[in-house]
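coords.cif follows (mmCIF, C-alpha atoms and all ligand atoms):
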data_run
#
loop_
_atom_site.group_PDB
_atom_site.id
_atom_site.type_symbol
_atom_site.label_atom_id
_atom_site.label_comp_id
_atom_site.auth_asym_id
_atom_site.auth_seq_id
_atom_site.Cartn_x
_atom_site.Cartn_y
_atom_site.Cartn_z
ATOM 1 C CA MET T 1 65.020 -24.872 14.655
ATOM 2 C CA GLU T 2 64.302 -28.543 14.092
ATOM 3 C CA THR T 3 61.648 -30.109 11.908
ATOM 4 C CA VAL T 4 59.672 -33.293 12.444
ATOM 5 C CA ARG T 5 59.949 -35.119 9.131
ATOM 6 C CA HIS T 6 58.090 -38.344 8.448
ATOM 7 C CA SER T 7 58.855 -40.594 5.480
ATOM 8 C CA GLU T 8 56.556 -40.671 2.471
ATOM 9 C CA HIS T 9 55.486 -44.174 3.501
ATOM 10 C CA THR T 10 54.616 -43.133 7.098
ATOM 11 C CA LEU T 11 52.498 -40.182 5.968
ATOM 12 C CA LYS T 12 50.794 -42.204 3.250
ATOM 13 C CA THR T 13 49.891 -44.930 5.753
ATOM 14 C CA ALA T 14 48.700 -42.345 8.305
ATOM 15 C CA LEU T 15 46.398 -40.842 5.675
ATOM 16 C CA ILE T 16 45.163 -43.819 3.662
ATOM 17 C CA SER T 17 45.940 -46.741 6.036
ATOM 18 C CA GLU T 18 46.691 -50.311 5.014
ATOM 19 C CA ASN T 19 43.285 -51.607 5.973
ATOM 20 C CA PRO T 20 41.637 -52.698 2.672
ATOM 21 C CA ARG T 21 38.239 -51.312 3.735
ATOM 22 C CA LEU T 22 39.679 -47.848 4.444
ATOM 23 C CA VAL T 23 41.797 -47.955 1.282
ATOM 24 C CA SER T 24 38.706 -48.594 -0.822
ATOM 25 C CA GLN T 25 36.791 -45.895 1.116
ATOM 26 C CA TYR T 26 39.657 -43.528 0.219
ATOM 27 C CA GLU T 27 39.576 -44.529 -3.423
ATOM 28 C CA LYS T 28 35.904 -43.572 -3.594
ATOM 29 C CA LEU T 29 36.700 -39.916 -2.807
ATOM 30 C CA ASP T 30 36.649 -37.716 -5.886
ATOM 31 C CA ALA T 31 39.872 -37.380 -7.853
ATOM 32 C CA GLY T 32 40.418 -33.699 -6.970
ATOM 33 C CA GLU T 33 40.009 -34.354 -3.246
ATOM 34 C CA ARG T 34 42.463 -37.248 -3.411
ATOM 35 C CA ARG T 35 44.924 -35.068 -5.351
ATOM 36 C CA LEU T 36 44.814 -32.486 -2.541
ATOM 37 C CA LEU T 37 45.005 -35.029 0.301
ATOM 38 C CA ASN T 38 47.912 -36.794 -1.434
ATOM 39 C CA GLU T 39 49.897 -33.570 -1.065
ATOM 40 C CA ALA T 40 50.511 -34.851 2.490
ATOM 41 C CA PHE T 41 53.146 -37.318 1.322
ATOM 42 C CA LYS T 42 54.341 -36.081 -2.083
ATOM 43 C CA PRO T 43 58.092 -35.452 -1.800
ATOM 44 C CA ASP T 44 58.009 -31.968 -3.364
ATOM 45 C CA HIS T 45 54.754 -30.698 -1.863
ATOM 46 C CA ASP T 46 54.603 -27.158 -0.545
ATOM 47 C CA LEU T 47 51.016 -26.851 0.653
ATOM 48 C CA PHE T 48 51.530 -28.814 3.865
ATOM 49 C CA GLY T 49 54.855 -28.242 5.600
ATOM 50 C CA PRO T 50 56.454 -30.298 8.363
ATOM 51 C CA ILE T 51 55.974 -29.500 12.052
ATOM 52 C CA THR T 52 58.747 -27.200 13.273
ATOM 53 C CA LEU T 53 60.199 -27.280 16.778
ATOM 54 C CA HIS T 54 61.489 -24.041 18.230
ATOM 55 C CA SER T 55 62.192 -24.801 21.882
ATOM 56 C CA GLN T 56 62.081 -27.453 24.593
ATOM 57 C CA SER T 57 58.849 -25.943 25.873
ATOM 58 C CA ASP T 58 57.061 -26.733 22.603
ATOM 59 C CA TRP T 59 54.110 -29.013 22.986
ATOM 60 C CA ILE T 60 55.347 -32.072 21.079
ATOM 61 C CA ILE T 61 58.528 -32.283 23.217
ATOM 62 C CA SER T 62 56.838 -31.748 26.558
ATOM 63 C CA HIS T 63 53.729 -33.881 25.941
ATOM 64 C CA PRO T 64 54.799 -37.226 24.533
ATOM 65 C CA GLU T 65 51.646 -38.992 23.401
ATOM 66 C CA ALA T 66 50.943 -41.582 20.713
ATOM 67 C CA PRO T 67 50.106 -40.071 17.322
ATOM 68 C CA GLN T 68 46.668 -40.838 15.872
ATOM 69 C CA ASP T 69 46.501 -41.937 12.230
ATOM 70 C CA PHE T 70 43.284 -42.103 10.213
ATOM 71 C CA GLU T 71 42.685 -45.779 10.977
ATOM 72 C CA GLN T 72 43.014 -45.228 14.756
ATOM 73 C CA PHE T 73 40.644 -42.259 14.488
ATOM 74 C CA PHE T 74 38.162 -44.270 12.447
ATOM 75 C CA SER T 75 38.101 -47.223 14.829
ATOM 76 C CA ASP T 76 38.094 -45.244 18.118
ATOM 77 C CA PRO T 77 35.089 -46.646 20.032
ATOM 78 C CA TYR T 78 34.748 -43.445 22.096
ATOM 79 C CA ARG T 79 34.630 -41.134 19.106
ATOM 80 C CA LYS T 80 31.445 -39.081 18.932
ATOM 81 C CA ALA T 81 29.916 -38.292 15.556
ATOM 82 C CA PRO T 82 26.977 -35.984 14.886
ATOM 83 C CA SER T 83 23.635 -37.625 14.122
ATOM 84 C CA PRO T 84 20.689 -36.243 12.107
ATOM 85 C CA ASP T 85 19.004 -35.039 15.330
ATOM 86 C CA LYS T 86 22.206 -33.767 17.004
ATOM 87 C CA ARG T 87 24.050 -31.893 14.339
ATOM 88 C CA SER T 88 24.410 -28.248 15.421
ATOM 89 C CA ILE T 89 27.445 -26.627 16.958
ATOM 90 C CA TYR T 90 26.335 -23.802 19.221
ATOM 91 C CA ILE T 91 28.720 -20.991 19.948
ATOM 92 C CA GLN T 92 27.345 -18.948 22.780
ATOM 93 C CA CYS T 93 28.735 -15.535 23.576
ATOM 94 C CA ILE T 94 28.505 -15.063 27.303
ATOM 95 C CA GLY T 95 28.952 -12.253 29.727
ATOM 96 C CA HIS T 96 27.929 -13.944 32.893
ATOM 97 C CA ILE T 97 29.213 -17.478 33.382
ATOM 98 C CA LEU T 98 26.774 -18.622 36.007
ATOM 99 C CA LYS T 99 23.760 -17.541 33.994
ATOM 100 C CA PHE T 100 25.130 -19.332 30.975
ATOM 101 C CA LEU T 101 25.961 -22.527 32.806
ATOM 102 C CA LYS T 102 22.414 -22.700 34.094
ATOM 103 C CA LYS T 103 21.019 -22.668 30.580
ATOM 104 C CA LYS T 104 20.627 -26.096 29.237
ATOM 105 C CA LYS T 105 22.092 -27.360 26.025
ATOM 106 C CA PRO T 106 19.579 -27.189 23.107
ATOM 107 C CA GLU T 107 17.969 -30.473 22.045
ATOM 108 C CA ASP T 108 19.682 -30.653 18.665
ATOM 109 C CA ALA T 109 23.115 -29.640 19.932
ATOM 110 C CA PHE T 110 26.054 -31.853 19.076
ATOM 111 C CA CYS T 111 28.099 -29.556 21.266
ATOM 112 C CA ILE T 112 27.932 -26.093 22.777
ATOM 113 C CA VAL T 113 30.944 -23.865 23.241
ATOM 114 C CA GLY T 114 30.792 -20.770 25.418
ATOM 115 C CA ILE T 115 33.080 -17.915 24.476
ATOM 116 C CA THR T 116 33.892 -14.844 26.489
ATOM 117 C CA MET T 117 36.258 -11.899 26.409
ATOM 118 C CA ILE T 118 36.360 -11.970 30.198
ATOM 119 C CA ASP T 119 39.606 -13.343 31.609
ATOM 120 C CA LEU T 120 38.811 -16.667 33.243
ATOM 121 C CA TYR T 121 41.708 -16.521 35.651
ATOM 122 C CA PRO T 122 40.929 -13.878 38.205
ATOM 123 C CA ARG T 123 42.382 -15.873 41.107
ATOM 124 C CA ASP T 124 45.125 -18.433 41.598
ATOM 125 C CA SER T 125 42.612 -20.916 42.935
ATOM 126 C CA TRP T 126 40.917 -21.078 39.527
ATOM 127 C CA ASN T 127 42.739 -23.665 37.518
ATOM 128 C CA PHE T 128 41.787 -22.677 34.010
ATOM 129 C CA VAL T 129 43.239 -19.894 31.957
ATOM 130 C CA PHE T 130 42.152 -20.160 28.328
ATOM 131 C CA GLY T 131 39.236 -22.462 28.864
ATOM 132 C CA GLN T 132 37.927 -25.798 29.817
ATOM 133 C CA ALA T 133 35.935 -28.381 27.908
ATOM 134 C CA SER T 134 34.279 -31.661 28.627
ATOM 135 C CA LEU T 135 34.571 -33.539 25.400
ATOM 136 C CA THR T 136 32.261 -36.329 26.477
ATOM 137 C CA ASP T 137 29.498 -33.892 27.454
ATOM 138 C CA GLY T 138 30.074 -31.775 24.347
ATOM 139 C CA VAL T 139 30.420 -28.521 26.293
ATOM 140 C CA GLY T 140 33.266 -26.096 26.631
ATOM 141 C CA ILE T 141 34.051 -22.550 27.638
ATOM 142 C CA PHE T 142 36.891 -20.429 26.317
ATOM 143 C CA SER T 143 38.174 -16.997 27.117
ATOM 144 C CA PHE T 144 39.868 -14.941 24.441
ATOM 145 C CA ALA T 145 40.863 -12.146 26.811
ATOM 146 C CA ARG T 146 44.526 -13.150 26.796
ATOM 147 C CA TYR T 147 44.610 -13.229 22.990
ATOM 148 C CA GLY T 148 44.293 -9.458 22.739
ATOM 149 C CA SER T 149 47.595 -7.723 22.006
ATOM 150 C CA ASP T 150 47.049 -5.457 25.003
ATOM 151 C CA PHE T 151 46.495 -8.184 27.611
ATOM 152 C CA TYR T 152 50.081 -8.305 28.832
ATOM 153 C CA SER T 153 50.652 -4.562 28.622
ATOM 154 C CA SER T 154 50.547 -2.451 31.750
ATOM 155 C CA ARG T 155 47.707 -0.460 30.192
ATOM 156 C CA TYR T 156 45.405 -3.498 30.171
ATOM 157 C CA GLU T 157 42.175 -2.555 31.885
ATOM 158 C CA GLY T 158 40.739 -6.008 32.366
ATOM 159 C CA ARG T 159 42.740 -6.999 35.401
ATOM 160 C CA VAL T 160 40.993 -7.695 38.671
ATOM 161 C CA SER T 161 41.530 -4.512 40.627
ATOM 162 C CA LYS T 162 40.769 -5.878 44.038
ATOM 163 C CA LEU T 163 40.662 -9.497 45.080
ATOM 164 C CA GLN T 164 37.335 -10.341 46.546
ATOM 165 C CA LYS T 165 36.761 -12.898 49.212
ATOM 166 C CA GLY T 166 34.164 -15.517 48.506
ATOM 167 C CA SER T 167 33.655 -19.072 47.464
ATOM 168 C CA SER T 168 34.868 -20.377 44.101
ATOM 169 C CA SER T 169 31.246 -20.451 42.984
ATOM 170 C CA ASP T 170 30.902 -16.712 43.504
ATOM 171 C CA TYR T 171 31.138 -15.313 39.974
ATOM 172 C CA ALA T 172 30.453 -11.697 40.943
ATOM 173 C CA VAL T 173 34.107 -11.005 40.228
ATOM 174 C CA PHE T 174 33.221 -11.012 36.508
ATOM 175 C CA ASP T 175 30.673 -8.217 36.788
ATOM 176 C CA ASN T 176 31.478 -5.042 34.829
ATOM 177 C CA TYR T 177 34.538 -6.503 33.228
ATOM 178 C CA TYR T 178 36.497 -4.721 30.540
ATOM 179 C CA THR T 179 36.121 -6.177 27.045
ATOM 180 C CA PRO T 180 39.140 -5.701 24.772
ATOM 181 C CA GLN T 181 38.811 -4.452 21.208
ATOM 182 C CA VAL T 182 38.277 -7.152 18.562
ATOM 183 C CA THR T 183 41.349 -6.934 16.322
ATOM 184 C CA SER T 184 42.032 -9.252 13.384
ATOM 185 C CA VAL T 185 44.851 -10.969 15.321
ATOM 186 C CA LEU T 186 42.492 -11.603 18.226
ATOM 187 C CA LEU T 187 39.890 -12.978 15.808
ATOM 188 C CA LEU T 188 42.465 -15.255 14.147
ATOM 189 C CA ARG T 189 43.692 -16.622 17.479
ATOM 190 C CA SER T 190 40.133 -17.153 18.674
ATOM 191 C CA CYS T 191 39.181 -18.993 15.458
ATOM 192 C CA LYS T 192 42.219 -21.240 15.874
ATOM 193 C CA THR T 193 41.370 -22.134 19.469
ATOM 194 C CA LEU T 194 37.720 -22.698 18.791
ATOM 195 C CA THR T 195 38.182 -24.882 15.708
ATOM 196 C CA HIS T 196 41.010 -26.830 17.393
ATOM 197 C CA GLU T 197 38.813 -27.563 20.443
ATOM 198 C CA ILE T 198 35.784 -28.472 18.327
ATOM 199 C CA GLY T 199 38.121 -30.802 16.378
ATOM 200 C CA HIS T 200 38.779 -32.625 19.671
ATOM 201 C CA ILE T 201 35.032 -32.941 20.247
ATOM 202 C CA PHE T 202 34.835 -34.755 16.875
ATOM 203 C CA GLY T 203 37.519 -37.201 18.067
ATOM 204 C CA LEU T 204 40.625 -35.696 16.433
ATOM 205 C CA ARG T 205 43.669 -36.090 18.674
ATOM 206 C CA HIS T 206 46.727 -33.840 18.562
ATOM 207 C CA CYS T 207 48.436 -33.988 15.175
ATOM 208 C CA GLN T 208 52.034 -35.103 14.951
ATOM 209 C CA TRP T 209 52.174 -35.567 11.186
ATOM 210 C CA LEU T 210 52.464 -32.177 9.517
ATOM 211 C CA ALA T 211 52.007 -28.497 10.344
ATOM 212 C CA CYS T 212 48.338 -28.468 11.290
ATOM 213 C CA LEU T 213 45.608 -26.748 13.277
ATOM 214 C CA MET T 214 45.375 -29.867 15.457
ATOM 215 C CA GLN T 215 48.996 -29.590 16.663
ATOM 216 C CA GLY T 216 49.127 -29.170 20.418
ATOM 217 C CA SER T 217 50.419 -25.868 21.731
ATOM 218 C CA ASN T 218 51.937 -24.978 25.063
ATOM 219 C CA HIS T 219 52.105 -21.226 24.776
ATOM 220 C CA LEU T 220 50.793 -18.346 22.723
ATOM 221 C CA GLU T 221 53.859 -18.125 20.478
ATOM 222 C CA GLU T 222 53.455 -21.791 19.568
ATOM 223 C CA ALA T 223 49.722 -21.352 19.002
ATOM 224 C CA ASP T 224 50.451 -18.432 16.654
ATOM 225 C CA ARG T 225 52.847 -20.598 14.665
ATOM 226 C CA ARG T 226 50.205 -23.291 14.200
ATOM 227 C CA PRO T 227 48.334 -22.846 10.892
ATOM 228 C CA LEU T 228 44.571 -22.292 10.711
ATOM 229 C CA ASN T 229 44.188 -25.236 8.328
ATOM 230 C CA LEU T 230 44.085 -28.980 8.834
ATOM 231 C CA CYS T 231 46.736 -31.228 7.269
ATOM 232 C CA PRO T 232 45.362 -33.860 4.848
ATOM 233 C CA ILE T 233 45.328 -36.575 7.534
ATOM 234 C CA CYS T 234 43.203 -34.482 9.914
ATOM 235 C CA LEU T 235 41.119 -33.162 7.005
ATOM 236 C CA ARG T 236 40.186 -36.755 6.087
ATOM 237 C CA LYS T 237 39.244 -37.410 9.735
ATOM 238 C CA LEU T 238 37.001 -34.334 9.863
ATOM 239 C CA GLN T 239 35.448 -35.157 6.496
ATOM 240 C CA CYS T 240 34.745 -38.662 7.777
ATOM 241 C CA ALA T 241 33.182 -37.283 10.987
ATOM 242 C CA ILE T 242 30.852 -34.711 9.452
ATOM 243 C CA GLY T 243 30.861 -35.294 5.692
ATOM 244 C CA PHE T 244 31.585 -32.438 3.293
ATOM 245 C CA ASN T 245 32.925 -31.763 -0.154
ATOM 246 C CA ILE T 246 36.403 -30.262 0.239
ATOM 247 C CA ARG T 247 35.951 -27.940 -2.749
ATOM 248 C CA GLU T 248 32.679 -26.542 -1.368
ATOM 249 C CA ARG T 249 34.163 -26.228 2.099
ATOM 250 C CA TYR T 250 37.188 -24.276 0.876
ATOM 251 C CA LYS T 251 35.009 -22.048 -1.313
ATOM 252 C CA ALA T 252 32.818 -21.322 1.712
ATOM 253 C CA LEU T 253 35.893 -20.413 3.783
ATOM 254 C CA VAL T 254 37.070 -17.976 1.094
ATOM 255 C CA ARG T 255 33.564 -16.484 0.979
ATOM 256 C CA TRP T 256 33.592 -16.088 4.761
ATOM 257 C CA ILE T 257 36.825 -14.094 4.560
ATOM 258 C CA GLU T 258 35.753 -12.024 1.550
ATOM 259 C CA ASP T 259 32.116 -11.379 2.436
ATOM 260 C CA GLU T 260 32.533 -9.170 5.406
ATOM 261 C CA SER T 261 36.013 -7.752 5.033
ATOM 262 C CA ASP T 262 34.700 -4.360 3.874
ATOM 263 C CA SER T 263 31.862 -4.040 6.325
ATOM 264 C CA PRO T 264 32.428 -2.704 9.814
ATOM 265 C CA GLY T 265 30.581 -5.478 11.592
ATOM 266 C CA VAL T 266 28.440 -8.539 11.383
ATOM 267 C CA SER T 267 25.061 -7.789 12.747
ATOM 268 C CA THR T 268 22.405 -10.252 13.522
ATOM 269 C CA LYS T 269 19.142 -9.552 11.765
ATOM 270 C CA ARG T 270 16.854 -10.436 14.616
ATOM 271 C CA GLY T 271 17.483 -9.159 18.099
ATOM 272 C CA ARG T 272 17.237 -12.551 19.724
ATOM 273 C CA GLU T 273 18.493 -12.831 23.242
ATOM 274 C CA GLY T 274 22.158 -13.660 23.384
ATOM 275 C CA THR T 275 23.054 -12.399 19.898
ATOM 276 C CA VAL T 276 25.709 -9.720 19.611
ATOM 277 C CA ASP T 277 27.248 -7.393 17.075
ATOM 278 C CA LEU T 278 30.905 -8.222 16.663
ATOM 279 C CA PRO T 279 33.300 -6.547 14.270
ATOM 280 C CA LYS T 280 34.966 -8.914 11.820
ATOM 281 C CA PRO T 281 38.407 -7.580 10.908
ATOM 282 C CA VAL T 282 40.016 -10.133 8.592
ATOM 283 C CA ASP T 283 43.413 -8.582 7.693
ATOM 284 C CA ALA T 284 45.233 -11.381 9.530
ATOM 285 C CA PHE T 285 43.379 -13.992 7.420
ATOM 286 C CA LYS T 286 44.751 -12.766 4.037
ATOM 287 C CA GLU T 287 47.688 -15.171 3.937
ATOM 288 C CA TRP T 288 45.374 -18.031 4.813
ATOM 289 C CA LYS T 289 42.975 -17.036 2.036
ATOM 290 C CA GLU T 290 45.821 -17.185 -0.515
ATOM 291 C CA TRP T 291 46.659 -20.657 0.786
ATOM 292 C CA ILE T 292 43.052 -21.903 0.367
ATOM 293 C CA ILE T 293 42.998 -20.552 -3.192
ATOM 294 C CA LYS T 294 46.129 -22.617 -3.963
ATOM 295 C CA CYS T 295 44.422 -25.709 -2.528
ATOM 296 C CA LEU T 296 41.328 -25.032 -4.619
ATOM 297 C CA ALA T 297 43.545 -24.941 -7.708
ATOM 298 C CA VAL T 298 44.803 -28.428 -6.814
ATOM 299 C CA VAL T 299 41.308 -29.822 -6.169
ATOM 300 C CA GLN T 300 39.926 -28.343 -9.385
ATOM 301 C CA LYS T 301 42.878 -29.164 -11.676
HETATM 302 ZN ZN ZN T 401 44.328 -29.634 21.861
HETATM 303 ZN ZN ZN T 402 46.950 -32.782 11.222
#

Have the structure of the file written as structure tokens, please.
Amino acid sequence: METVRHSEHTLKTALISENPRLVSQYEKLDAGERRLLNEAFKPDHDLFGPITLHSQSDWIISHPEAPQDFEQFFSDPYRKAPSPDKRSIYIQCIGHILKFLKKKKPEDAFCIVGITMIDLYPRDSWNFVFGQASLTDGVGIFSFARYGSDFYSSRYEGRVSKLQKGSSSDYAVFDNYYTPQVTSVLLLRSCKTLTHEIGHIFGLRHCQWLACLMQGSNHLEEADRRPLNLCPICLRKLQCAIGFNIRERYKALVRWIEDESDSPGVSTKRGREGTVDLPKPVDAFKEWKEWIIKCLAVVQK
């Protein structure tokens, strides 16, 4: 196993930049936030580890692309940022793709992401497996079917039993599809994919600095290895894009994990069309919760 190690100077420049305007913007962040973000380049840090390489098929080896530091992110002319009238992220659970695609994006949507437990790859002629997104239009669709532990087992019931003839716009093949059980591993993988893709919509490119949610991944094993958290460089980008207090954000994430861990499911109060009851098993998030608590200790020191 190899590790991608950057020098203290490289990481510090990637995070803070050498542009005086961005340096002074950084210095205006509160002291606790800076203490946490500075963990990116401190020689003895343990909160943010280096990127590890396990095989030639790993993303960073097979997809050479220029890394994006904070300054490049900040000055990207194509970067989209939410505005006061377009500030909501819609996550739409869908059963029937065609019906969903016909619905138009709400007025105040910054982006809308369709999620489904239906496998999106029923035929070889369909060229997407886990999902597809148009970052410029702020829409995407993702299938979590292959994230279930039973997908690759012979017992999996969601396979297409008979191939149907028809045009590629005939979505009838999805009717009456099996929906796998929502396990905590499935939920963790789905959260990783969704937050990674939404990160792209905010203009964050693949991370090549430290172990990070925004690392590219080529296969499921590599995606599992990727942490659920952002490294300090990507965290500064996201904070710049949407604006939040890191302490409040981390506290809210801990609350999200703790709040529902004892209850069997999250139910929506009003029976609005399109809302669903999904179980929220969070066992697989425990390690991540411990990590956030350590970060909170650094921010609040
Ligand atoms: Zn990506
Ligand atoms: Zn990162």

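For the pair CA of Pro82 in chain T and CA of Ala223 in chain T, the interatomic distance is 27.4 Å.
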
Next item on the list: Please write out the residues within 9 Å of ligand ZN 401 (chain T) as a PyMOL selection string, counting all atoms listed in the file.
Entry: chain T and resi 193+196-197+199-200+204-207+214-217

Checklist line | Contact residues around Trp291 in chain T with only C-alpha atoms at 12 Å, ignoring same-chain residues under 2 positions, as a ChimeraX atom specification | finding: /T:46-48,227-230,250-251,253-254,285-289,293-298

Those residues with C-alpha atoms, as a short mmCIF file (atom, residue, chain, number, x, y, z; two decimals), in the coordinates of the input please?
data_model
loop_
_atom_site.label_atom_id
_atom_site.label_comp_id
_atom_site.auth_asym_id
_atom_site.auth_seq_id
_atom_site.Cartn_x
_atom_site.Cartn_y
_atom_site.Cartn_z
CA ASP T 46 54.60 -27.16 -0.55
CA LEU T 47 51.02 -26.85 0.65
CA PHE T 48 51.53 -28.81 3.86
CA PRO T 227 48.33 -22.85 10.89
CA LEU T 228 44.57 -22.29 10.71
CA ASN T 229 44.19 -25.24 8.33
CA LEU T 230 44.08 -28.98 8.83
CA TYR T 250 37.19 -24.28 0.88
CA LYS T 251 35.01 -22.05 -1.31
CA LEU T 253 35.89 -20.41 3.78
CA VAL T 254 37.07 -17.98 1.09
CA PHE T 285 43.38 -13.99 7.42
CA LYS T 286 44.75 -12.77 4.04
CA GLU T 287 47.69 -15.17 3.94
CA TRP T 288 45.37 -18.03 4.81
CA LYS T 289 42.98 -17.04 2.04
CA ILE T 293 43.00 -20.55 -3.19
CA LYS T 294 46.13 -22.62 -3.96
CA CYS T 295 44.42 -25.71 -2.53
CA LEU T 296 41.33 -25.03 -4.62
CA ALA T 297 43.54 -24.94 -7.71
CA VAL T 298 44.80 -28.43 -6.81
#

Notebook entry, point to check: Can you tell me how far CA of Asp58 in chain T sits from CA of Arg79 in chain T, in Å to one decimal?
Noted result: 26.9 Å

Using only C-alpha atoms and all ligand atoms, which protein or nucleic acid residues are at most 7 Å from ligand ZN 402 (chain T), as a PDB file with C-alpha atoms, in the coordinates of the input?
ATOM      1  CA  CYS T 207      48.436 -33.988  15.175  1.00  0.00           C
ATOM      2  CA  GLN T 208      52.034 -35.103  14.951  1.00  0.00           C
ATOM      3  CA  TRP T 209      52.174 -35.567  11.186  1.00  0.00           C
ATOM      4  CA  LEU T 210      52.464 -32.177   9.517  1.00  0.00           C
ATOM      5  CA  ALA T 211      52.007 -28.497  10.344  1.00  0.00           C
ATOM      6  CA  CYS T 212      48.338 -28.468  11.290  1.00  0.00           C
ATOM      7  CA  LEU T 213      45.608 -26.748  13.277  1.00  0.00           C
ATOM      8  CA  MET T 214      45.375 -29.867  15.457  1.00  0.00           C
ATOM      9  CA  GLN T 215      48.996 -29.590  16.663  1.00  0.00           C
ATOM     10  CA  LEU T 230      44.085 -28.980   8.834  1.00  0.00           C
ATOM     11  CA  CYS T 231      46.736 -31.228   7.269  1.00  0.00           C
ATOM     12  CA  PRO T 232      45.362 -33.860   4.848  1.00  0.00           C
ATOM     13  CA  ILE T 233      45.328 -36.575   7.534  1.00  0.00           C
ATOM     14  CA  CYS T 234      43.203 -34.482   9.914  1.00  0.00           C
TER      15      CYS T 234
END

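The smallest atom-to-atom distance between Arg5 in chain T and any of T:Leu53, T:Met117, T:Ile257, T:Val139, using only C-alpha atoms, is found for T:Leu53.
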
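The residues caught by the PyMOL selection byres (((chain T and resi 41) around 8) and not hetatm) in this file are T:Ser7, T:Glu8, T:His9, T:Leu11, T:Lys12, T:Asn38, T:Glu39, T:Ala40, T:Lys42, T:Pro43, T:His45.
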
Can you spell out as a PDB file with C-alpha atoms, keeping the file's coordinate frame the set of residues that the PyMOL selection byres (((chain T and resi 109) around 12) and not hetatm) selects in the structure I just provided?
ATOM      1  CA  ALA T  81      29.916 -38.292  15.556  1.00  0.00           C
ATOM      2  CA  PRO T  82      26.977 -35.984  14.886  1.00  0.00           C
ATOM      3  CA  SER T  83      23.635 -37.625  14.122  1.00  0.00           C
ATOM      4  CA  PRO T  84      20.689 -36.243  12.107  1.00  0.00           C
ATOM      5  CA  ASP T  85      19.004 -35.039  15.330  1.00  0.00           C
ATOM      6  CA  LYS T  86      22.206 -33.767  17.004  1.00  0.00           C
ATOM      7  CA  ARG T  87      24.050 -31.893  14.339  1.00  0.00           C
ATOM      8  CA  SER T  88      24.410 -28.248  15.421  1.00  0.00           C
ATOM      9  CA  ILE T  89      27.445 -26.627  16.958  1.00  0.00           C
ATOM     10  CA  TYR T  90      26.335 -23.802  19.221  1.00  0.00           C
ATOM     11  CA  ILE T  91      28.720 -20.991  19.948  1.00  0.00           C
ATOM     12  CA  GLN T  92      27.345 -18.948  22.780  1.00  0.00           C
ATOM     13  CA  LYS T 104      20.627 -26.096  29.237  1.00  0.00           C
ATOM     14  CA  LYS T 105      22.092 -27.360  26.025  1.00  0.00           C
ATOM     15  CA  PRO T 106      19.579 -27.189  23.107  1.00  0.00           C
ATOM     16  CA  GLU T 107      17.969 -30.473  22.045  1.00  0.00           C
ATOM     17  CA  ASP T 108      19.682 -30.653  18.665  1.00  0.00           C
ATOM     18  CA  PHE T 110      26.054 -31.853  19.076  1.00  0.00           C
ATOM     19  CA  CYS T 111      28.099 -29.556  21.266  1.00  0.00           C
ATOM     20  CA  ILE T 112      27.932 -26.093  22.777  1.00  0.00           C
ATOM     21  CA  VAL T 113      30.944 -23.865  23.241  1.00  0.00           C
ATOM     22  CA  ASP T 137      29.498 -33.892  27.454  1.00  0.00           C
ATOM     23  CA  GLY T 138      30.074 -31.775  24.347  1.00  0.00           C
ATOM     24  CA  VAL T 139      30.420 -28.521  26.293  1.00  0.00           C
TER      25      VAL T 139
END

Check: What does the distance between CA of Leu186 in chain T and CA of Phe144 in chain T come to in Å, to one decimal place?
Finding: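 Separation between CA of Leu186 in chain T and CA of Phe144 in chain T: 7.5 Å.
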
Margin query: Please list as a ChimeraX atom specification every residue within 10 Å of Lys237 in chain T, counting all atoms listed in the file and excluding residues in the same chain fewer than 6 positions away.
Written below: /T:15,69-71,73-74,199,202-204,230,243

Note to self: I'd like to know which of T:Arg21, T:His63, T:Arg225, T:His6 is closest to Leu188 in chain T, using all atoms listed in the file.
What the structure shows: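 The answer is T:Arg225, which sits nearest to Leu188 in chain T.
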
Next item on the list: Please work out which residues fall within 10 Å of (61.9, -24.4, 15.3), coordinates as given in the file, with only C-alpha atoms counting, and return them as a VMD selection string.
Entry: chain T and resid 1 to 4 51 to 56 58 222 225
